[in-house]
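K.L.:
This is the structure, below, for whatever I ask next.
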Amino acid sequence: MHALIEELYPICRSITGNGVRETLRLIGRRIPLDIQEVPTGTRAFDWQIPQEWNIRDAYIKDADGRKVVDFRNSNLHVVGYSVPVHEQMPLEELKKHLFTLPEHPDWIPYRTSYYSETWGFCLSQRQLDELGDGVYEVVMDTELKDGHLTYGEFLVPGRSDEEVLFFTHICHPSLCNDNLSGIALVTRMAQELEGLDLRYTYRFVFAPATIGSITWLSRNEPVLSRIRHGLVLSNLGDSGKLTYKRSRHGIAEIDRVVTYVLQQAGREHAVLDFSPWGYDERQFGSPGINLPVGRLTRSPNGEYPEYHTSADNLDLVRPEYLAESLSTCLQTIKVLENNGRYLNRSPKGEPQLGRRGLYRKMGGYQDVSRQQLALLWVLSLSTGEPTLLDIAERSGIDFETVRAAAQDLVECELLEPCERVA
Amino acid sequence: MHALIEELYPICRSITGNGVRETLRLIGRRIPLDIQEVPTGTRAFDWQIPQEWNIRDAYIKDADGRKVVDFRNSNLHVVGYSVPVHEQMPLEELKKHLFTLPEHPDWIPYRTSYYSETWGFCLSQRQLDELGDGVYEVVMDTELKDGHLTYGEFLVPGRSDEEVLFFTHICHPSLCNDNLSGIALVTRMAQELEGLDLRYTYRFVFAPATIGSITWLSRNEPVLSRIRHGLVLSNLGDSGKLTYKRSRHGIAEIDRVVTYVLQQAGREHAVLDFSPWGYDERQFGSPGINLPVGRLTRSPNGEYPEYHTSADNLDLVRPEYLAESLSTCLQTIKVLENNGRYLNRSPKGEPQLGRRGLYRKMGGYQDVSRQQLALLWVLSLSTGEPTLLDIAERSGIDFETVRAAAQDLVECELLEPCERVA
Amino acid sequence: MHALIEELYPICRSITGNGVRETLRLIGRRIPLDIQEVPTGTRAFDWQIPQEWNIRDAYIKDADGRKVVDFRNSNLHVVGYSVPVHEQMPLEELKKHLFTLPEHPDWIPYRTSYYSETWGFCLSQRQLDELGDGVYEVVMDTELKDGHLTYGEFLVPGRSDEEVLFFTHICHPSLCNDNLSGIALVTRMAQELEGLDLRYTYRFVFAPATIGSITWLSRNEPVLSRIRHGLVLSNLGDSGKLTYKRSRHGIAEIDRVVTYVLQQAGREHAVLDFSPWGYDERQFGSPGINLPVGRLTRSPNGEYPEYHTSADNLDLVRPEYLAESLSTCLQTIKVLENNGRYLNRSPKGEPQLGRRGLYRKMGGYQDVSRQQLALLWVLSLSTGEPTLLDIAERSGIDFETVRAAAQDLVECELLEPCERVA
C-alpha cells in the first residue's frame, strides 16, 4: 500500500481535472476500474457539476525575478480552483491572496475555493515573513472551463446482488493520510476480494469528496436499495487509534460488526455517533439517502495537527498502521460474509448432541468446553431472528467458534439457515 | 414581586372566604382576573364544595383577662376552618386544642381541618410553656356556612388555541414562600406575556390547593384537551435550589424543556420523578386527567424547616431567588414558543449551502463553526419527527443557535415547518 | 429438611432404577406423590428413554483378595450406568477405567455414562496411588435392560387452573447439596402449601435431570400453556449466597418477583441472565418450550469445589441455609399470590380519602405516612396495567404495605381488581 501512496503523492488532484484521471489510471493498473466522466453542468441533486479545473504552473516572483513561491515545489501552494492570473502587484495587495499557518511556521496549509471564483497561494509563515516590500509578479497558469468530473468504480460480484459499498475520496493533492491512505487501502482490499467466492457483491468507488459522492448517488439511485452495508474509508495510515463513526442508523449491522471487530482486536479504539460533519458518510447518511454506511478512519479529519497541511506527507503514514487498518476491514468482511440467522429444527428441549458425536460422552464434570457451550447457545438462540453476531455477543464466545458451531449443527440437520429478511 | 408578597402577607386566607377574595382583588389590580364563585355543595368529581369559612377574631384570655394567644398577632394562631367557640375551660381541657412545634420553640405551626368539624389554636412552644393552670376564656369568632369557593383565572390569547397552563395555589394564610411566592411569580409572568404575539394561548389559574384544582378541572373538562403543557408553581422564593418535578408522562415536552433550561443555566438544580404526593400536580397527573403538567419549586413542600410555620415569613423569600425562578419560567416559555418540527426539502445529499450564502466560501479549514454545524444538524435531523429541542440535545448546540439555523434554512426554502402532530 | 436429606443420602440413585423409586417412596411418606413409569424406548422429543440401570454390588480386589475399591463404601465409586463386568486385569489395563481428582486427593469424583456403553470406577487419588502393580479382579454386578424411567409429581389445587411449577432433579446418588437439598426443600414447600386457599395451582415435579425434564415436558404439552411461573430448585443447602438465574424471558413476573424478594431480604445475592447451560431450566427455556421458569440455587452447579464429589456430603448442607432458601421460596409464593392489577374507579383528581376514614383528618403537617403514601400510589398507578409489584418498585414502598392499601381501597370501592390478562 505504501508503494502506491508514493506513486500517487506527486500528482496534483482536485475535484476535477487531469490529476484525478492520472490517479484513476494508476489505480487501474491494479484493479480494472470502470471510469465515468460526468459533464460540467449536469445536475446532481441540489448541486451541479462545476467547470473542470487544470493547472500548468503557478508562481510568485519578486522584483529580482526569484520565484519566492513555486507550484513545482508543492502543489499545496495553489489554492484549489484558483482562476488564471498574471499580474504585478505590491506585497500589500498580494497578501490578500496569501494563506499561512502562523502556529506551524514551516507548514503550508491546504485551501480550496471550488464554488467561488478567486485565486490564492498557500505558503509557510516563514516564507511569508521573508517577503520584502516591493512589487511581485503573480502567475497562476490555470484553466477553468467546461469539462468533466471523473470517478472510477469496480465491482466484485458475489452470489447475491446485495452489495457492500466502500467509498474513498480522491480529490486531495499531495496529502498522504488524507487520502492516499484510503485510496491505497481500498485498492488493496479490492485486490484481496477479486476472484473469491463471496456472499455479497462488493462495490469500490473512488470519487471526489462531497460533489463526487453526491454525483455518484444521484446517478445510482437504482443501486441504492441493494446496498446492505458500507464504509467510507479515509485517513487510515497515521499513528492515531482506529476510529469508527456509526452510520445514521447507529445500530445497523455494519455498525455492530465494525464495533465487534475493533473490540475483539483488543487495541485502543474509538466509536463515535453519526454526525452530519466529516467526510462522505454525510452524503450516505443524509435523510433522503439514509444508507447503512459508517466511516472508518484512524485520526478523524481535523483532529491531528498535520491534517490539511504539507506535514501530511509520506512520513506521517506508516505501513504498520495501514496494515492494521486493512486487517480491520478484512475482518469486517469476514464477519459480514458469515453472519446469518438460523432456525433450530429441534426446539423442544435440548436435542441429544451426544448421539450425534457433538458432545463428550461421559458426564458429571464441573465444566463444559467453549465449543460445547457454543453449540448450546446457537441452539438456544436460533429462533430465526438473532444473528450469529448476536449469539457471539450474548454468549461472550468469539464469532468464529459460534460460526463453526452453527456449521456443525447444520451438517447434522439440527439447524437450518433462514432466508435473509428482505 | 416582593412588593406584592408584602401586600398579600397580612391577609388571612383559607380554601374559601373573604381572604381569598381580597387576594384575588389585589392580583386583579395587576392583571384582569376572571373571578369564579362556586356554591357550597357543588359536586367536583369525588368531592363537593365545602361551606365557606370566615373569621372575625379569635383569642385565648387567661384568668387575668390577658390575651395569651391572639389571632390579631398572627393568623396562623387559628386552625383553619375552626368552628365557632366561646367557652371557659381549664388548661387541661384547652390543651387538647393547642398545637405547637416543640423542636422549634419560637415558631407557630400551621394546621387546618377543612373536612372535620373541630377547632384549635396553634402557638409557639414558648407560649404554651408560659400558660399557668387555671381557667381560660376561648373565643373563636368564626362563621362556617353555605357560601362559595372562589378562584380567578386570566387568559393571554395566542395564535393557536392550544394552551399552556400555569397554576398556583392561594389558600395559605401568612406564609410567604408557600405560596405568596408562587402568586407573585405567576402574576408577574402574566404581565410579561400580556400583549405579546404568542404561538400558544396562556392560562393562569389562581385557586385553592386540592379542592381548588379539582374544582377547576371538573368545571373545565372541555378545555383540558387543549392543554399542551403546564406547570404548577409554588415555593419559588427561598434559597434552595430550583427543583423540577416531572409530569406523570415523565418525558412530555414540558418535562424536557424545563430540564433543558435548568441544565443550560448551569446552576445546581434537581429533577424529580412524578409522585402522587406534593401540590396540585397530583390532580393534573391523576390517572383520569393525565395532563403534561409538571411542577417547579425551589425547596419542595415539606423539605425545609420553615415550611408550614410562622418562620415562612418575609425574610425567607428574597428578590434574587424570585428573579431566578421567573427567569427559568420565561426561558421555558421561550423554548416552548420556538420548539417545532421541520422537514428538509432537499434531503438527498447535503444541499449546497455555499451558493445560498450560508457557508464560508473557502474550504480546507480544520474546523467548522457552531453556526455552520447547526445548519448541518438541522438539515440532517429534520425528517418531520425530531423537534429543534431534540436537535439541540443531540448536537450539543444551544437551542438559540439551532433555532436561528432553522430560521435561515426556512428563509432559503431548504426547510419547511411541519404541522404540529395533533 | 435436613432429616429427609439424611434419610435419602445412602440411596444409590441414577436417571432410572430402584434408587429413584425408593427416593420417591420416602418423599411419598410426606406428600402424596403421583408416580409415573415411562417404558424404555419411549420417544421424548429428540430423545428416547434409555434402558433401566440397577446395581447390586461392585468392587475391585487386589491379588491378595482385598477389596481396594468397594461400592458398599460409597456409591460414587461406580460410574453411573456402568455395564456388567467380571474380569481379571493388570493395573495398566484397569487404569483406563479409573477416575480421580488429583487436585483433591481425598475426594471421590462423580461420573456417569448414560448414553455410551462403558464401565468405570471413581476413587480418591490417594486410593489410586496405593494400588500396586499386579492383577486385579473387577466386579461390576449391574444390570442394564429394558425397564422404566420413574418420576413423581404432586398437585396442590388453587382457585385457578393457572399453575406455578417447581421442578427438582432426583438422579444424583450420595450428593447432598446437589440435589438432596432441592428434594428436601420442594417436599417441605409442598407440605406448607397443601390445604391452603390458594390463587394458583402448584405443581411439584421430582424427576431425573435432563432426560427427566424432557420426558415430563413431552408428556405434558397440554399442561404447559397453563404454567404462569416456575422455578427449578437445586443446590440450596450450602453456605454460598442465594443465586437466581433468570428465565429465558428475562423479565417475566417470576424473574421480577424473585429478584424483588432477594433485594428486600437485604442479604448478598446474585441474579444471573439466562444461559443454555446449567440444570433443567435449560429444557424449560429451550426455544420451543420457552416457559417463564427461572432457577434458584445457592452456589450454582460447577462453582464450588465440592460439586460432584464425595465432599458434597451431609456436612456441606446446613439447616440455616436450607431455611433461608425455603423462606425465599415462600416469600416468592406470597408475592405471586397477591400480585395483581387494579383499576382506579375514581380516576379524575384524587378521591376524597378523608371522608372514607382512610386519611388523617387534620392537615398542614410536613410529612405523610407510608400507609397514606401507599394509598396515593396505588390510586395513581392503578390504570389496569401496572401490578402491585410495579407499584411497590416504583414507589419504594414495600409490597405488603402496597397490598394492604389496595385491599383497603377495594373495600371502599375506590379500586377494583382487573381480570388477569390472558
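Letters A, B, ... go to the chains of the C-alpha cells in the order shown; residues in each chain start at 1; ligands are counted from 1 in the same order.
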Compute the set of chain A residues within 6 Å of chain B, using only C-alpha atoms, and express it as a PyMOL selection string.
P.N.:
chain A and resi 46+110-113+214+276+283+286-289+302
K.L.:
Restrict the selected residues to N, CA and C atoms and save them as a PDB file, in the first residue's frame.
P.N.:
ATOM      1  N   ASP A  46     -29.097  18.652  -5.391  1.00  0.00           N
ATOM      2  CA  ASP A  46     -29.140  20.118  -5.272  1.00  0.00           C
ATOM      3  C   ASP A  46     -27.932  20.799  -5.946  1.00  0.00           C
ATOM      4  N   TYR A 110      -3.519  23.806   3.270  1.00  0.00           N
ATOM      5  CA  TYR A 110      -4.246  23.364   2.077  1.00  0.00           C
ATOM      6  C   TYR A 110      -5.576  24.100   2.047  1.00  0.00           C
ATOM      7  N   ARG A 111      -5.797  24.842   0.949  1.00  0.00           N
ATOM      8  CA  ARG A 111      -7.053  25.582   0.827  1.00  0.00           C
ATOM      9  C   ARG A 111      -7.647  25.369  -0.557  1.00  0.00           C
ATOM     10  N   THR A 112      -8.974  25.500  -0.625  1.00  0.00           N
ATOM     11  CA  THR A 112      -9.663  25.355  -1.918  1.00  0.00           C
ATOM     12  C   THR A 112     -10.747  26.420  -2.014  1.00  0.00           C
ATOM     13  N   SER A 113     -11.175  26.679  -3.239  1.00  0.00           N
ATOM     14  CA  SER A 113     -12.298  27.595  -3.439  1.00  0.00           C
ATOM     15  C   SER A 113     -13.082  27.155  -4.669  1.00  0.00           C
ATOM     16  N   ILE A 214     -22.021  12.884  -3.983  1.00  0.00           N
ATOM     17  CA  ILE A 214     -23.364  13.334  -4.366  1.00  0.00           C
ATOM     18  C   ILE A 214     -23.653  12.967  -5.822  1.00  0.00           C
ATOM     19  N   PRO A 276     -23.471  15.062  11.172  1.00  0.00           N
ATOM     20  CA  PRO A 276     -23.501  15.488   9.774  1.00  0.00           C
ATOM     21  C   PRO A 276     -22.254  16.263   9.389  1.00  0.00           C
ATOM     22  N   GLN A 283     -23.077  12.321   3.133  1.00  0.00           N
ATOM     23  CA  GLN A 283     -23.997  12.184   1.995  1.00  0.00           C
ATOM     24  C   GLN A 283     -24.759  10.862   2.072  1.00  0.00           C
ATOM     25  N   SER A 286     -27.401  11.264   4.612  1.00  0.00           N
ATOM     26  CA  SER A 286     -28.374  12.362   4.522  1.00  0.00           C
ATOM     27  C   SER A 286     -29.775  11.767   4.611  1.00  0.00           C
ATOM     28  N   PRO A 287     -30.751  12.547   5.102  1.00  0.00           N
ATOM     29  CA  PRO A 287     -32.052  11.936   5.423  1.00  0.00           C
ATOM     30  C   PRO A 287     -32.749  11.293   4.234  1.00  0.00           C
ATOM     31  N   GLY A 288     -32.518  11.792   3.023  1.00  0.00           N
ATOM     32  CA  GLY A 288     -33.194  11.203   1.874  1.00  0.00           C
ATOM     33  C   GLY A 288     -32.440  10.023   1.276  1.00  0.00           C
ATOM     34  N   ILE A 289     -31.241   9.742   1.737  1.00  0.00           N
ATOM     35  CA  ILE A 289     -30.455   8.610   1.242  1.00  0.00           C
ATOM     36  C   ILE A 289     -30.428   7.527   2.316  1.00  0.00           C
ATOM     37  N   GLY A 302      -9.478  16.702  10.759  1.00  0.00           N
ATOM     38  CA  GLY A 302      -9.472  17.869  11.647  1.00  0.00           C
ATOM     39  C   GLY A 302      -8.941  17.603  13.028  1.00  0.00           C
TER      40      GLY A 302
END
K.L.:
Over all Cα atoms in order, fit chain B to chain A and jot down the RMSD to one decimal place.
P.N.:
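Between chain A and chain B, the C-alpha RMSD is 0.1 Å.
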K.L.:
In Å, with one decimal, what is the gap from atom CA of A:Tyr304 to atom CA of A:Cys171?
P.N.:
19.5 Å
K.L.:
Taking the DSSP secondary structure from the backbone, can you list the residues of stretch 166-315 of chain B that are strand (DSSP E), as number ranges by chain?
P.N.:
B: 166-169, 201-207, 227-233, 242-245, 269-272, 293-297
K.L.:
Just the selected residues (N, CA and C atoms), exported as a JSON list (two decimals), in the first residue's frame, please.
P.N.:
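Result went into result.json, see below:
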[["chain", "number", "residue", "atom", "x", "y", "z"],
["B", 166, "PHE", "N", -50.58, 27.65, 33.74],
["B", 166, "PHE", "CA", -49.81, 27.86, 34.97],
["B", 166, "PHE", "C", -50.79, 27.92, 36.13],
["B", 167, "PHE", "N", -50.54, 27.10, 37.12],
["B", 167, "PHE", "CA", -51.45, 27.00, 38.26],
["B", 167, "PHE", "C", -50.69, 27.31, 39.55],
["B", 168, "THR", "N", -51.31, 28.14, 40.40],
["B", 168, "THR", "CA", -50.68, 28.40, 41.69],
["B", 168, "THR", "C", -51.77, 28.45, 42.76],
["B", 169, "HIS", "N", -51.43, 27.97, 43.96],
["B", 169, "HIS", "CA", -52.48, 27.88, 44.98],
["B", 169, "HIS", "C", -52.47, 29.12, 45.88],
["B", 201, "THR", "N", -51.76, 29.97, 23.55],
["B", 201, "THR", "CA", -52.60, 30.71, 24.49],
["B", 201, "THR", "C", -52.16, 30.32, 25.90],
["B", 202, "TYR", "N", -52.00, 31.31, 26.76],
["B", 202, "TYR", "CA", -51.51, 31.06, 28.12],
["B", 202, "TYR", "C", -52.63, 31.28, 29.12],
["B", 203, "ARG", "N", -52.80, 30.31, 30.01],
["B", 203, "ARG", "CA", -53.85, 30.37, 31.02],
["B", 203, "ARG", "C", -53.19, 30.37, 32.39],
["B", 204, "PHE", "N", -53.59, 31.34, 33.23],
["B", 204, "PHE", "CA", -53.04, 31.48, 34.58],
["B", 204, "PHE", "C", -54.18, 31.27, 35.56],
["B", 205, "VAL", "N", -54.05, 30.26, 36.43],
["B", 205, "VAL", "CA", -55.13, 29.94, 37.37],
["B", 205, "VAL", "C", -54.62, 30.14, 38.79],
["B", 206, "PHE", "N", -55.38, 30.94, 39.56],
["B", 206, "PHE", "CA", -55.11, 31.18, 40.98],
["B", 206, "PHE", "C", -56.25, 30.55, 41.76],
["B", 207, "ALA", "N", -56.00, 29.45, 42.45],
["B", 207, "ALA", "CA", -57.09, 28.73, 43.12],
["B", 207, "ALA", "C", -56.57, 28.04, 44.37],
["B", 227, "ILE", "N", -54.85, 21.68, 26.46],
["B", 227, "ILE", "CA", -53.65, 21.98, 27.26],
["B", 227, "ILE", "C", -52.49, 21.12, 26.78],
["B", 228, "ARG", "N", -51.49, 21.78, 26.23],
["B", 228, "ARG", "CA", -50.33, 21.07, 25.69],
["B", 228, "ARG", "C", -49.22, 20.94, 26.73],
["B", 229, "HIS", "N", -49.11, 21.94, 27.59],
["B", 229, "HIS", "CA", -48.03, 21.98, 28.57],
["B", 229, "HIS", "C", -48.54, 22.72, 29.79],
["B", 230, "GLY", "N", -47.97, 22.42, 30.94],
["B", 230, "GLY", "CA", -48.37, 23.17, 32.11],
["B", 230, "GLY", "C", -47.38, 23.03, 33.25],
["B", 231, "LEU", "N", -47.47, 23.98, 34.16],
["B", 231, "LEU", "CA", -46.64, 23.94, 35.37],
["B", 231, "LEU", "C", -47.47, 24.34, 36.57],
["B", 232, "VAL", "N", -47.31, 23.63, 37.65],
["B", 232, "VAL", "CA", -47.75, 24.08, 38.96],
["B", 232, "VAL", "C", -46.57, 24.84, 39.57],
["B", 233, "LEU", "N", -46.84, 26.05, 40.06],
["B", 233, "LEU", "CA", -45.76, 26.90, 40.55],
["B", 233, "LEU", "C", -45.99, 27.22, 42.02],
["B", 242, "LEU", "N", -33.41, 25.25, 42.57],
["B", 242, "LEU", "CA", -34.61, 25.02, 41.76],
["B", 242, "LEU", "C", -34.83, 23.52, 41.58],
["B", 243, "THR", "N", -36.07, 23.10, 41.71],
["B", 243, "THR", "CA", -36.42, 21.68, 41.71],
["B", 243, "THR", "C", -37.60, 21.47, 40.78],
["B", 244, "TYR", "N", -37.38, 20.68, 39.75],
["B", 244, "TYR", "CA", -38.47, 20.37, 38.83],
["B", 244, "TYR", "C", -38.96, 18.97, 39.10],
["B", 245, "LYS", "N", -40.27, 18.84, 39.21],
["B", 245, "LYS", "CA", -40.89, 17.52, 39.36],
["B", 245, "LYS", "C", -41.62, 17.21, 38.08],
["B", 269, "HIS", "N", -29.38, 22.19, 40.47],
["B", 269, "HIS", "CA", -30.84, 22.05, 40.44],
["B", 269, "HIS", "C", -31.15, 20.57, 40.63],
["B", 270, "ALA", "N", -32.43, 20.27, 40.75],
["B", 270, "ALA", "CA", -32.84, 18.87, 40.90],
["B", 270, "ALA", "C", -34.01, 18.60, 39.97],
["B", 271, "VAL", "N", -34.07, 17.39, 39.47],
["B", 271, "VAL", "CA", -35.21, 16.97, 38.65],
["B", 271, "VAL", "C", -35.73, 15.67, 39.26],
["B", 272, "LEU", "N", -36.99, 15.69, 39.66],
["B", 272, "LEU", "CA", -37.59, 14.55, 40.36],
["B", 272, "LEU", "C", -38.63, 13.87, 39.48],
["B", 293, "VAL", "N", -48.41, 18.25, 32.95],
["B", 293, "VAL", "CA", -48.22, 19.39, 33.86],
["B", 293, "VAL", "C", -47.18, 18.99, 34.90],
["B", 294, "GLY", "N", -46.06, 19.66, 34.88],
["B", 294, "GLY", "CA", -45.01, 19.43, 35.88],
["B", 294, "GLY", "C", -45.13, 20.43, 37.01],
["B", 295, "ARG", "N", -44.14, 20.45, 37.87],
["B", 295, "ARG", "CA", -44.15, 21.39, 38.99],
["B", 295, "ARG", "C", -42.77, 21.98, 39.16],
["B", 296, "LEU", "N", -42.74, 23.29, 39.28],
["B", 296, "LEU", "CA", -41.46, 23.95, 39.57],
["B", 296, "LEU", "C", -41.54, 24.60, 40.94],
["B", 297, "THR", "N", -40.56, 24.27, 41.79],
["B", 297, "THR", "CA", -40.41, 24.91, 43.09],
["B", 297, "THR", "C", -38.92, 25.20, 43.28]]
K.L.:
Give me every alpha helix (DSSP H) residue in stretch 125-321 of chain C, going by DSSP on the backbone, as a ChimeraX atom specification.
P.N.:
/C:125-130,181-193,211-219,221-224,253-265,281-284,319-321
K.L.:
Could you check how far atom CA of A:Val164 sits from atom CA of A:Arg341, in Å to one decimal?
P.N.:
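The value is 18.4 Å.
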K.L.:
From the options C:Gly396, C:Gly132, C:Gly28, C:Pro50, which residue's atoms come nearest to C:Gln264, counting only C-alpha atoms?
P.N.:
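Looking at the shortest contact to C:Gln264, the residue is C:Gly396.
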K.L.:
Give the answer as one residue: which of A:Ala404, A:Leu76, A:Leu193, A:Leu123 has the shortest atom-to-atom distance to A:Gly158, using only C-alpha atoms?
P.N.:
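Counting only C-alpha atoms, the residue closest to A:Gly158 is A:Leu193.
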K.L.:
List the spatial neighbours of C:Met189 as an MDAnalysis selection string - criterion: any atom at most 9 Å away, only C-alpha atoms, same-chain residues fewer than 5 positions off excluded.
P.N.:
chainID C and resid 184 194 326 329:330
K.L.:
For the residues in that selection, give me C-alpha atoms as a short mmCIF file (atom, residue, chain, number, x, y, z; two decimals), in the first residue's frame.
P.N.:
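Written out: out_7.cif:
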data_model
loop_
_atom_site.label_atom_id
_atom_site.label_comp_id
_atom_site.auth_asym_id
_atom_site.auth_seq_id
_atom_site.Cartn_x
_atom_site.Cartn_y
_atom_site.Cartn_z
CA ALA C 184 -35.99 -31.71 50.71
CA GLU C 194 -51.11 -28.32 50.97
CA LEU C 326 -37.16 -22.08 51.87
CA CYS C 329 -39.39 -19.58 48.02
CA LEU C 330 -42.29 -18.96 50.39
#
K.L.:
Rounded to one decimal in Å, what is the spacing between atom CA of C:Pro222 and atom CA of C:Ala44?
P.N.:
14.8 Å
K.L.:
Between A:Ser369, A:Leu8, A:Ser116, A:Leu414, which residue has the minimum interatomic distance to A:Thr401, considering only C-alpha atoms?
P.N.:
A:Ser369
